[in-house]
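One file, protein09.pdb, is given below (PDB, N, CA and C atoms, pLDDT in the B column).
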ATOM      1  N   MET A   1      12.247   0.209 -40.045  1.00 72.00           N
ATOM      2  CA  MET A   1      11.533  -0.215 -38.851  1.00 72.00           C
ATOM      3  C   MET A   1      10.111  -0.611 -39.266  1.00 72.00           C
ATOM      4  N   THR A   2       9.689  -1.760 -38.822  1.00 88.00           N
ATOM      5  CA  THR A   2       8.357  -2.232 -39.187  1.00 88.00           C
ATOM      6  C   THR A   2       7.283  -1.466 -38.422  1.00 88.00           C
ATOM      7  N   GLU A   3       6.069  -1.596 -38.910  1.00 90.00           N
ATOM      8  CA  GLU A   3       4.947  -0.923 -38.244  1.00 90.00           C
ATOM      9  C   GLU A   3       4.756  -1.445 -36.823  1.00 90.00           C
ATOM     10  N   ALA A   4       4.923  -2.745 -36.651  1.00 86.00           N
ATOM     11  CA  ALA A   4       4.775  -3.331 -35.309  1.00 86.00           C
ATOM     12  C   ALA A   4       5.840  -2.778 -34.366  1.00 86.00           C
ATOM     13  N   ALA A   5       7.051  -2.626 -34.858  1.00 86.00           N
ATOM     14  CA  ALA A   5       8.131  -2.088 -34.029  1.00 86.00           C
ATOM     15  C   ALA A   5       7.866  -0.629 -33.676  1.00 86.00           C
ATOM     16  N   LYS A   6       7.358   0.137 -34.632  1.00 90.00           N
ATOM     17  CA  LYS A   6       7.025   1.543 -34.367  1.00 90.00           C
ATOM     18  C   LYS A   6       5.932   1.645 -33.308  1.00 90.00           C
ATOM     19  N   MET A   7       4.919   0.789 -33.457  1.00 93.00           N
ATOM     20  CA  MET A   7       3.811   0.804 -32.507  1.00 93.00           C
ATOM     21  C   MET A   7       4.297   0.415 -31.109  1.00 93.00           C
ATOM     22  N   THR A   8       5.141  -0.587 -31.042  1.00 92.00           N
ATOM     23  CA  THR A   8       5.682  -1.022 -29.753  1.00 92.00           C
ATOM     24  C   THR A   8       6.481   0.100 -29.103  1.00 92.00           C
ATOM     25  N   LYS A   9       7.298   0.783 -29.900  1.00 92.00           N
ATOM     26  CA  LYS A   9       8.087   1.901 -29.377  1.00 92.00           C
ATOM     27  C   LYS A   9       7.173   3.017 -28.872  1.00 92.00           C
ATOM     28  N   GLN A  10       6.100   3.295 -29.597  1.00 94.00           N
ATOM     29  CA  GLN A  10       5.147   4.324 -29.166  1.00 94.00           C
ATOM     30  C   GLN A  10       4.458   3.926 -27.864  1.00 94.00           C
ATOM     31  N   ILE A  11       4.110   2.665 -27.741  1.00 95.00           N
ATOM     32  CA  ILE A  11       3.457   2.179 -26.517  1.00 95.00           C
ATOM     33  C   ILE A  11       4.402   2.321 -25.324  1.00 95.00           C
ATOM     34  N   ILE A  12       5.654   1.942 -25.511  1.00 95.00           N
ATOM     35  CA  ILE A  12       6.634   2.063 -24.426  1.00 95.00           C
ATOM     36  C   ILE A  12       6.818   3.527 -24.043  1.00 95.00           C
ATOM     37  N   THR A  13       6.908   4.397 -25.038  1.00 95.00           N
ATOM     38  CA  THR A  13       7.060   5.833 -24.768  1.00 95.00           C
ATOM     39  C   THR A  13       5.849   6.369 -24.016  1.00 95.00           C
ATOM     40  N   PHE A  14       4.658   5.956 -24.431  1.00 97.00           N
ATOM     41  CA  PHE A  14       3.436   6.390 -23.745  1.00 97.00           C
ATOM     42  C   PHE A  14       3.428   5.909 -22.297  1.00 97.00           C
ATOM     43  N   GLN A  15       3.769   4.642 -22.089  1.00 97.00           N
ATOM     44  CA  GLN A  15       3.766   4.083 -20.736  1.00 97.00           C
ATOM     45  C   GLN A  15       4.802   4.784 -19.852  1.00 97.00           C
ATOM     46  N   ARG A  16       5.960   5.089 -20.415  1.00 97.00           N
ATOM     47  CA  ARG A  16       6.998   5.791 -19.649  1.00 97.00           C
ATOM     48  C   ARG A  16       6.502   7.180 -19.254  1.00 97.00           C
ATOM     49  N   THR A  17       5.894   7.883 -20.194  1.00 98.00           N
ATOM     50  CA  THR A  17       5.383   9.227 -19.917  1.00 98.00           C
ATOM     51  C   THR A  17       4.273   9.183 -18.869  1.00 98.00           C
ATOM     52  N   ALA A  18       3.375   8.210 -18.990  1.00 98.00           N
ATOM     53  CA  ALA A  18       2.293   8.071 -18.010  1.00 98.00           C
ATOM     54  C   ALA A  18       2.867   7.786 -16.622  1.00 98.00           C
ATOM     55  N   PHE A  19       3.861   6.912 -16.557  1.00 98.00           N
ATOM     56  CA  PHE A  19       4.490   6.611 -15.272  1.00 98.00           C
ATOM     57  C   PHE A  19       5.158   7.849 -14.693  1.00 98.00           C
ATOM     58  N   GLU A  20       5.921   8.558 -15.517  1.00 98.00           N
ATOM     59  CA  GLU A  20       6.619   9.765 -15.045  1.00 98.00           C
ATOM     60  C   GLU A  20       5.628  10.773 -14.470  1.00 98.00           C
ATOM     61  N   ASN A  21       4.533  10.990 -15.172  1.00 98.00           N
ATOM     62  CA  ASN A  21       3.531  11.953 -14.699  1.00 98.00           C
ATOM     63  C   ASN A  21       2.901  11.508 -13.383  1.00 98.00           C
ATOM     64  N   ALA A  22       2.533  10.238 -13.300  1.00 98.00           N
ATOM     65  CA  ALA A  22       1.927   9.725 -12.069  1.00 98.00           C
ATOM     66  C   ALA A  22       2.932   9.756 -10.917  1.00 98.00           C
ATOM     67  N   PHE A  23       4.155   9.350 -11.191  1.00 98.00           N
ATOM     68  CA  PHE A  23       5.187   9.341 -10.155  1.00 98.00           C
ATOM     69  C   PHE A  23       5.453  10.748  -9.640  1.00 98.00           C
ATOM     70  N   ASN A  24       5.554  11.700 -10.548  1.00 98.00           N
ATOM     71  CA  ASN A  24       5.800  13.086 -10.138  1.00 98.00           C
ATOM     72  C   ASN A  24       4.639  13.640  -9.319  1.00 98.00           C
ATOM     73  N   ALA A  25       3.419  13.283  -9.684  1.00 98.00           N
ATOM     74  CA  ALA A  25       2.256  13.750  -8.926  1.00 98.00           C
ATOM     75  C   ALA A  25       2.271  13.170  -7.509  1.00 98.00           C
ATOM     76  N   VAL A  26       2.526  11.880  -7.399  1.00 97.00           N
ATOM     77  CA  VAL A  26       2.573  11.237  -6.081  1.00 97.00           C
ATOM     78  C   VAL A  26       3.727  11.807  -5.255  1.00 97.00           C
ATOM     79  N   SER A  27       4.864  12.026  -5.887  1.00 97.00           N
ATOM     80  CA  SER A  27       6.015  12.594  -5.177  1.00 97.00           C
ATOM     81  C   SER A  27       5.705  13.982  -4.643  1.00 97.00           C
ATOM     82  N   THR A  28       5.023  14.776  -5.439  1.00 98.00           N
ATOM     83  CA  THR A  28       4.655  16.126  -5.006  1.00 98.00           C
ATOM     84  C   THR A  28       3.724  16.071  -3.800  1.00 98.00           C
ATOM     85  N   VAL A  29       2.741  15.185  -3.843  1.00 97.00           N
ATOM     86  CA  VAL A  29       1.813  15.044  -2.717  1.00 97.00           C
ATOM     87  C   VAL A  29       2.567  14.580  -1.469  1.00 97.00           C
ATOM     88  N   GLN A  30       3.452  13.613  -1.629  1.00 96.00           N
ATOM     89  CA  GLN A  30       4.213  13.129  -0.477  1.00 96.00           C
ATOM     90  C   GLN A  30       5.107  14.226   0.099  1.00 96.00           C
ATOM     91  N   ASP A  31       5.756  14.983  -0.760  1.00 96.00           N
ATOM     92  CA  ASP A  31       6.628  16.061  -0.283  1.00 96.00           C
ATOM     93  C   ASP A  31       5.832  17.145   0.439  1.00 96.00           C
ATOM     94  N   GLN A  32       4.669  17.485  -0.088  1.00 97.00           N
ATOM     95  CA  GLN A  32       3.829  18.491   0.567  1.00 97.00           C
ATOM     96  C   GLN A  32       3.306  17.972   1.909  1.00 97.00           C
ATOM     97  N   THR A  33       2.949  16.697   1.951  1.00 94.00           N
ATOM     98  CA  THR A  33       2.481  16.098   3.203  1.00 94.00           C
ATOM     99  C   THR A  33       3.596  16.101   4.244  1.00 94.00           C
ATOM    100  N   GLU A  34       4.808  15.798   3.803  1.00 94.00           N
ATOM    101  CA  GLU A  34       5.955  15.838   4.716  1.00 94.00           C
ATOM    102  C   GLU A  34       6.139  17.243   5.288  1.00 94.00           C
ATOM    103  N   LYS A  35       6.045  18.239   4.441  1.00 95.00           N
ATOM    104  CA  LYS A  35       6.215  19.622   4.893  1.00 95.00           C
ATOM    105  C   LYS A  35       5.107  20.012   5.877  1.00 95.00           C
ATOM    106  N   MET A  36       3.867  19.665   5.547  1.00 95.00           N
ATOM    107  CA  MET A  36       2.751  19.997   6.439  1.00 95.00           C
ATOM    108  C   MET A  36       2.892  19.283   7.777  1.00 95.00           C
ATOM    109  N   THR A  37       3.315  18.027   7.746  1.00 91.00           N
ATOM    110  CA  THR A  37       3.501  17.274   8.982  1.00 91.00           C
ATOM    111  C   THR A  37       4.591  17.909   9.836  1.00 91.00           C
ATOM    112  N   GLY A  38       5.681  18.299   9.201  1.00 90.00           N
ATOM    113  CA  GLY A  38       6.764  18.963   9.933  1.00 90.00           C
ATOM    114  C   GLY A  38       6.302  20.258  10.570  1.00 90.00           C
ATOM    115  N   ASP A  39       5.558  21.058   9.809  1.00 91.00           N
ATOM    116  CA  ASP A  39       5.031  22.313  10.354  1.00 91.00           C
ATOM    117  C   ASP A  39       4.072  22.047  11.514  1.00 91.00           C
ATOM    118  N   PHE A  40       3.246  21.026  11.364  1.00 90.00           N
ATOM    119  CA  PHE A  40       2.281  20.669  12.397  1.00 90.00           C
ATOM    120  C   PHE A  40       2.995  20.211  13.669  1.00 90.00           C
ATOM    121  N   LEU A  41       4.029  19.394  13.504  1.00 87.00           N
ATOM    122  CA  LEU A  41       4.747  18.866  14.669  1.00 87.00           C
ATOM    123  C   LEU A  41       5.463  19.958  15.451  1.00 87.00           C
ATOM    124  N   THR A  42       5.936  20.981  14.770  1.00 88.00           N
ATOM    125  CA  THR A  42       6.622  22.062  15.485  1.00 88.00           C
ATOM    126  C   THR A  42       5.661  22.842  16.373  1.00 88.00           C
ATOM    127  N   GLN A  43       4.379  22.751  16.086  1.00 90.00           N
ATOM    128  CA  GLN A  43       3.379  23.485  16.866  1.00 90.00           C
ATOM    129  C   GLN A  43       2.796  22.655  18.009  1.00 90.00           C
ATOM    130  N   LEU A  44       3.190  21.410  18.098  1.00 87.00           N
ATOM    131  CA  LEU A  44       2.659  20.534  19.147  1.00 87.00           C
ATOM    132  C   LEU A  44       3.697  20.354  20.251  1.00 87.00           C
ATOM    133  N   PRO A  45       3.474  20.985  21.390  1.00 86.00           N
ATOM    134  CA  PRO A  45       4.471  20.890  22.468  1.00 86.00           C
ATOM    135  C   PRO A  45       4.550  19.501  23.095  1.00 86.00           C
ATOM    136  N   TRP A  46       3.511  18.696  22.975  1.00 88.00           N
ATOM    137  CA  TRP A  46       3.509  17.394  23.617  1.00 88.00           C
ATOM    138  C   TRP A  46       4.220  16.314  22.802  1.00 88.00           C
ATOM    139  N   VAL A  47       4.646  16.628  21.568  1.00 86.00           N
ATOM    140  CA  VAL A  47       5.420  15.658  20.786  1.00 86.00           C
ATOM    141  C   VAL A  47       6.896  15.874  21.117  1.00 86.00           C
ATOM    142  N   ASN A  48       7.494  14.859  21.738  1.00 89.00           N
ATOM    143  CA  ASN A  48       8.894  14.998  22.152  1.00 89.00           C
ATOM    144  C   ASN A  48       9.846  14.763  20.974  1.00 89.00           C
ATOM    145  N   GLU A  49      11.119  14.973  21.232  1.00 89.00           N
ATOM    146  CA  GLU A  49      12.132  14.842  20.175  1.00 89.00           C
ATOM    147  C   GLU A  49      12.223  13.411  19.646  1.00 89.00           C
ATOM    148  N   GLU A  50      12.012  12.448  20.527  1.00 92.00           N
ATOM    149  CA  GLU A  50      12.055  11.051  20.091  1.00 92.00           C
ATOM    150  C   GLU A  50      10.950  10.768  19.075  1.00 92.00           C
ATOM    151  N   GLY A  51       9.762  11.277  19.337  1.00 88.00           N
ATOM    152  CA  GLY A  51       8.650  11.113  18.401  1.00 88.00           C
ATOM    153  C   GLY A  51       8.924  11.786  17.069  1.00 88.00           C
ATOM    154  N   LYS A  52       9.502  12.973  17.133  1.00 88.00           N
ATOM    155  CA  LYS A  52       9.846  13.690  15.898  1.00 88.00           C
ATOM    156  C   LYS A  52      10.910  12.931  15.110  1.00 88.00           C
ATOM    157  N   LYS A  53      11.848  12.310  15.841  1.00 92.00           N
ATOM    158  CA  LYS A  53      12.906  11.549  15.174  1.00 92.00           C
ATOM    159  C   LYS A  53      12.334  10.313  14.482  1.00 92.00           C
ATOM    160  N   VAL A  54      11.369   9.654  15.108  1.00 92.00           N
ATOM    161  CA  VAL A  54      10.729   8.486  14.497  1.00 92.00           C
ATOM    162  C   VAL A  54      10.052   8.891  13.191  1.00 92.00           C
ATOM    163  N   ILE A  55       9.346   9.994  13.216  1.00 91.00           N
ATOM    164  CA  ILE A  55       8.670  10.473  12.011  1.00 91.00           C
ATOM    165  C   ILE A  55       9.693  10.858  10.946  1.00 91.00           C
ATOM    166  N   SER A  56      10.767  11.496  11.358  1.00 91.00           N
ATOM    167  CA  SER A  56      11.830  11.874  10.420  1.00 91.00           C
ATOM    168  C   SER A  56      12.471  10.639   9.785  1.00 91.00           C
ATOM    169  N   ASN A  57      12.711   9.611  10.584  1.00 94.00           N
ATOM    170  CA  ASN A  57      13.278   8.365  10.055  1.00 94.00           C
ATOM    171  C   ASN A  57      12.333   7.705   9.056  1.00 94.00           C
ATOM    172  N   SER A  58      11.038   7.732   9.356  1.00 94.00           N
ATOM    173  CA  SER A  58      10.048   7.174   8.433  1.00 94.00           C
ATOM    174  C   SER A  58      10.059   7.928   7.115  1.00 94.00           C
ATOM    175  N   THR A  59      10.178   9.231   7.213  1.00 94.00           N
ATOM    176  CA  THR A  59      10.216  10.065   6.014  1.00 94.00           C
ATOM    177  C   THR A  59      11.432   9.732   5.161  1.00 94.00           C
ATOM    178  N   GLU A  60      12.573   9.606   5.789  1.00 95.00           N
ATOM    179  CA  GLU A  60      13.791   9.265   5.044  1.00 95.00           C
ATOM    180  C   GLU A  60      13.671   7.881   4.411  1.00 95.00           C
ATOM    181  N   PHE A  61      13.048   6.941   5.136  1.00 96.00           N
ATOM    182  CA  PHE A  61      12.866   5.590   4.607  1.00 96.00           C
ATOM    183  C   PHE A  61      12.005   5.612   3.352  1.00 96.00           C
ATOM    184  N   TYR A  62      10.873   6.318   3.386  1.00 94.00           N
ATOM    185  CA  TYR A  62      10.008   6.300   2.205  1.00 94.00           C
ATOM    186  C   TYR A  62      10.631   7.069   1.051  1.00 94.00           C
ATOM    187  N   LYS A  63      11.447   8.079   1.329  1.00 95.00           N
ATOM    188  CA  LYS A  63      12.132   8.786   0.237  1.00 95.00           C
ATOM    189  C   LYS A  63      13.126   7.854  -0.463  1.00 95.00           C
ATOM    190  N   LYS A  64      13.869   7.080   0.325  1.00 98.00           N
ATOM    191  CA  LYS A  64      14.811   6.126  -0.266  1.00 98.00           C
ATOM    192  C   LYS A  64      14.060   5.055  -1.053  1.00 98.00           C
ATOM    193  N   ALA A  65      12.967   4.555  -0.485  1.00 98.00           N
ATOM    194  CA  ALA A  65      12.172   3.540  -1.172  1.00 98.00           C
ATOM    195  C   ALA A  65      11.590   4.097  -2.468  1.00 98.00           C
ATOM    196  N   ARG A  66      11.143   5.330  -2.433  1.00 97.00           N
ATOM    197  CA  ARG A  66      10.587   5.973  -3.627  1.00 97.00           C
ATOM    198  C   ARG A  66      11.660   6.097  -4.708  1.00 97.00           C
ATOM    199  N   THR A  67      12.860   6.494  -4.313  1.00 98.00           N
ATOM    200  CA  THR A  67      13.964   6.616  -5.267  1.00 98.00           C
ATOM    201  C   THR A  67      14.343   5.251  -5.840  1.00 98.00           C
ATOM    202  N   ASN A  68      14.412   4.240  -4.989  1.00 98.00           N
ATOM    203  CA  ASN A  68      14.733   2.886  -5.455  1.00 98.00           C
ATOM    204  C   ASN A  68      13.676   2.371  -6.426  1.00 98.00           C
ATOM    205  N   PHE A  69      12.413   2.628  -6.124  1.00 98.00           N
ATOM    206  CA  PHE A  69      11.326   2.208  -7.006  1.00 98.00           C
ATOM    207  C   PHE A  69      11.449   2.894  -8.363  1.00 98.00           C
ATOM    208  N   LYS A  70      11.685   4.200  -8.341  1.00 98.00           N
ATOM    209  CA  LYS A  70      11.821   4.967  -9.587  1.00 98.00           C
ATOM    210  C   LYS A  70      12.987   4.434 -10.410  1.00 98.00           C
ATOM    211  N   ASN A  71      14.106   4.170  -9.766  1.00 98.00           N
ATOM    212  CA  ASN A  71      15.270   3.634 -10.477  1.00 98.00           C
ATOM    213  C   ASN A  71      14.980   2.270 -11.091  1.00 98.00           C
ATOM    214  N   ALA A  72      14.269   1.416 -10.369  1.00 98.00           N
ATOM    215  CA  ALA A  72      13.928   0.088 -10.886  1.00 98.00           C
ATOM    216  C   ALA A  72      13.014   0.197 -12.104  1.00 98.00           C
ATOM    217  N   VAL A  73      12.026   1.069 -12.034  1.00 98.00           N
ATOM    218  CA  VAL A  73      11.115   1.243 -13.171  1.00 98.00           C
ATOM    219  C   VAL A  73      11.863   1.842 -14.360  1.00 98.00           C
ATOM    220  N   ASP A  74      12.704   2.827 -14.103  1.00 98.00           N
ATOM    221  CA  ASP A  74      13.499   3.420 -15.189  1.00 98.00           C
ATOM    222  C   ASP A  74      14.397   2.374 -15.853  1.00 98.00           C
ATOM    223  N   ASP A  75      15.002   1.514 -15.044  1.00 98.00           N
ATOM    224  CA  ASP A  75      15.829   0.436 -15.599  1.00 98.00           C
ATOM    225  C   ASP A  75      14.988  -0.511 -16.456  1.00 98.00           C
ATOM    226  N   GLY A  76      13.789  -0.809 -15.988  1.00 97.00           N
ATOM    227  CA  GLY A  76      12.891  -1.669 -16.757  1.00 97.00           C
ATOM    228  C   GLY A  76      12.512  -1.049 -18.094  1.00 97.00           C
ATOM    229  N   PHE A  77      12.197   0.235 -18.083  1.00 96.00           N
ATOM    230  CA  PHE A  77      11.879   0.913 -19.343  1.00 96.00           C
ATOM    231  C   PHE A  77      13.092   0.935 -20.272  1.00 96.00           C
ATOM    232  N   ALA A  78      14.268   1.166 -19.719  1.00 96.00           N
ATOM    233  CA  ALA A  78      15.481   1.182 -20.545  1.00 96.00           C
ATOM    234  C   ALA A  78      15.707  -0.183 -21.201  1.00 96.00           C
ATOM    235  N   LYS A  79      15.475  -1.253 -20.449  1.00 96.00           N
ATOM    236  CA  LYS A  79      15.635  -2.598 -21.005  1.00 96.00           C
ATOM    237  C   LYS A  79      14.591  -2.877 -22.078  1.00 96.00           C
ATOM    238  N   MET A  80      13.360  -2.424 -21.837  1.00 93.00           N
ATOM    239  CA  MET A  80      12.310  -2.602 -22.850  1.00 93.00           C
ATOM    240  C   MET A  80      12.656  -1.837 -24.124  1.00 93.00           C
ATOM    241  N   GLU A  81      13.133  -0.619 -23.969  1.00 91.00           N
ATOM    242  CA  GLU A  81      13.502   0.175 -25.142  1.00 91.00           C
ATOM    243  C   GLU A  81      14.673  -0.459 -25.885  1.00 91.00           C
ATOM    244  N   GLU A  82      15.607  -1.008 -25.144  1.00 91.00           N
ATOM    245  CA  GLU A  82      16.744  -1.690 -25.765  1.00 91.00           C
ATOM    246  C   GLU A  82      16.276  -2.933 -26.511  1.00 91.00           C
ATOM    247  N   LEU A  83      15.351  -3.657 -25.908  1.00 90.00           N
ATOM    248  CA  LEU A  83      14.854  -4.890 -26.503  1.00 90.00           C
ATOM    249  C   LEU A  83      14.004  -4.622 -27.744  1.00 90.00           C
ATOM    250  N   PHE A  84      13.115  -3.630 -27.655  1.00 84.00           N
ATOM    251  CA  PHE A  84      12.180  -3.375 -28.749  1.00 84.00           C
ATOM    252  C   PHE A  84      12.547  -2.167 -29.604  1.00 84.00           C
ATOM    253  N   GLY A  85      13.459  -1.327 -29.104  1.00 68.00           N
ATOM    254  CA  GLY A  85      13.773  -0.091 -29.818  1.00 68.00           C
ATOM    255  C   GLY A  85      14.778  -0.334 -30.877  1.00 68.00           C
TER     256      GLY A  85
END
Kindly return the structure encoded in the file as structure tokens.
Amino acid sequence: MTEAAKMTKQIITFQRTAFENAFNAVSTVQDQTEKMTGDFLTQLPWVNEEGKKVISNSTEFYKKARTNFKNAVDDGFAKMEELFG
């Protein structure tokens, strides 16, 4: 393996690790915010079930979008590793 190939592989590994760390941090914040919002909503008598359902649907939507984004980035890294690895 040439030096350029080794360096490229190291860069890809670094970028993947940086992405994983950032993604996990953002996911943790989003999950904690979801939990706090749920706890807050249970204490508000003026928020009806329809309002709670809208918030729940939004939460499910962003979780699916987050998973799709993660899968797309992982696929991109896999292709880069295949191409340069």
Practice item. Find the distance between atom CA of A:Gly76 and atom C of A:Gln30 and write it in Å to one decimal. Key: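 Pair atom CA of A:Gly76 / atom C of A:Gln30 returns 24.4 Å.
Each of A:Asp31, A:Leu83, A:Met7, A:Ala72 was checked against A:Glu60 using only C-alpha atoms; the smallest atom-to-atom distance is that of A:Asp31.
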Review point. Could you tell me, as a PyMOL selection string, which residues have any atom at most 7 Å from (5.6, 13.4, 8.6), counting all atoms listed in the file?
Key: chain A and resi 33-38+55-56+59
Exercise for review: Take atom CA of A:Thr67 and atom CA of A:Val54 and report the distance between them in Å, one decimal.
Suggested key: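 Distance reported for this atom pair: 20.1 Å.
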Practice item. For atom CA of A:Val73 and atom CA of A:Ile11, quote the distance in Å rounded to one decimal. Key: 15.4 Å
Edge lengths and centre in Å, axis-aligned, stretch 39-46 of chain A plus 8 Å each side, as AutoDock Vina command-line options:
--center_x 4.5 --center_y 19.9 --center_z 16.7 --size_x 20.3 --size_y 23.2 --size_z 29.8
Practice item. Just the residues within 12 Å of A:Phe19, please, counting only C-alpha atoms, with nothing from its chain fewer than 3 positions along; format it as a PyMOL selection string. Key: chain A and resi 12-16+22-27+69-70+73-74+76-77
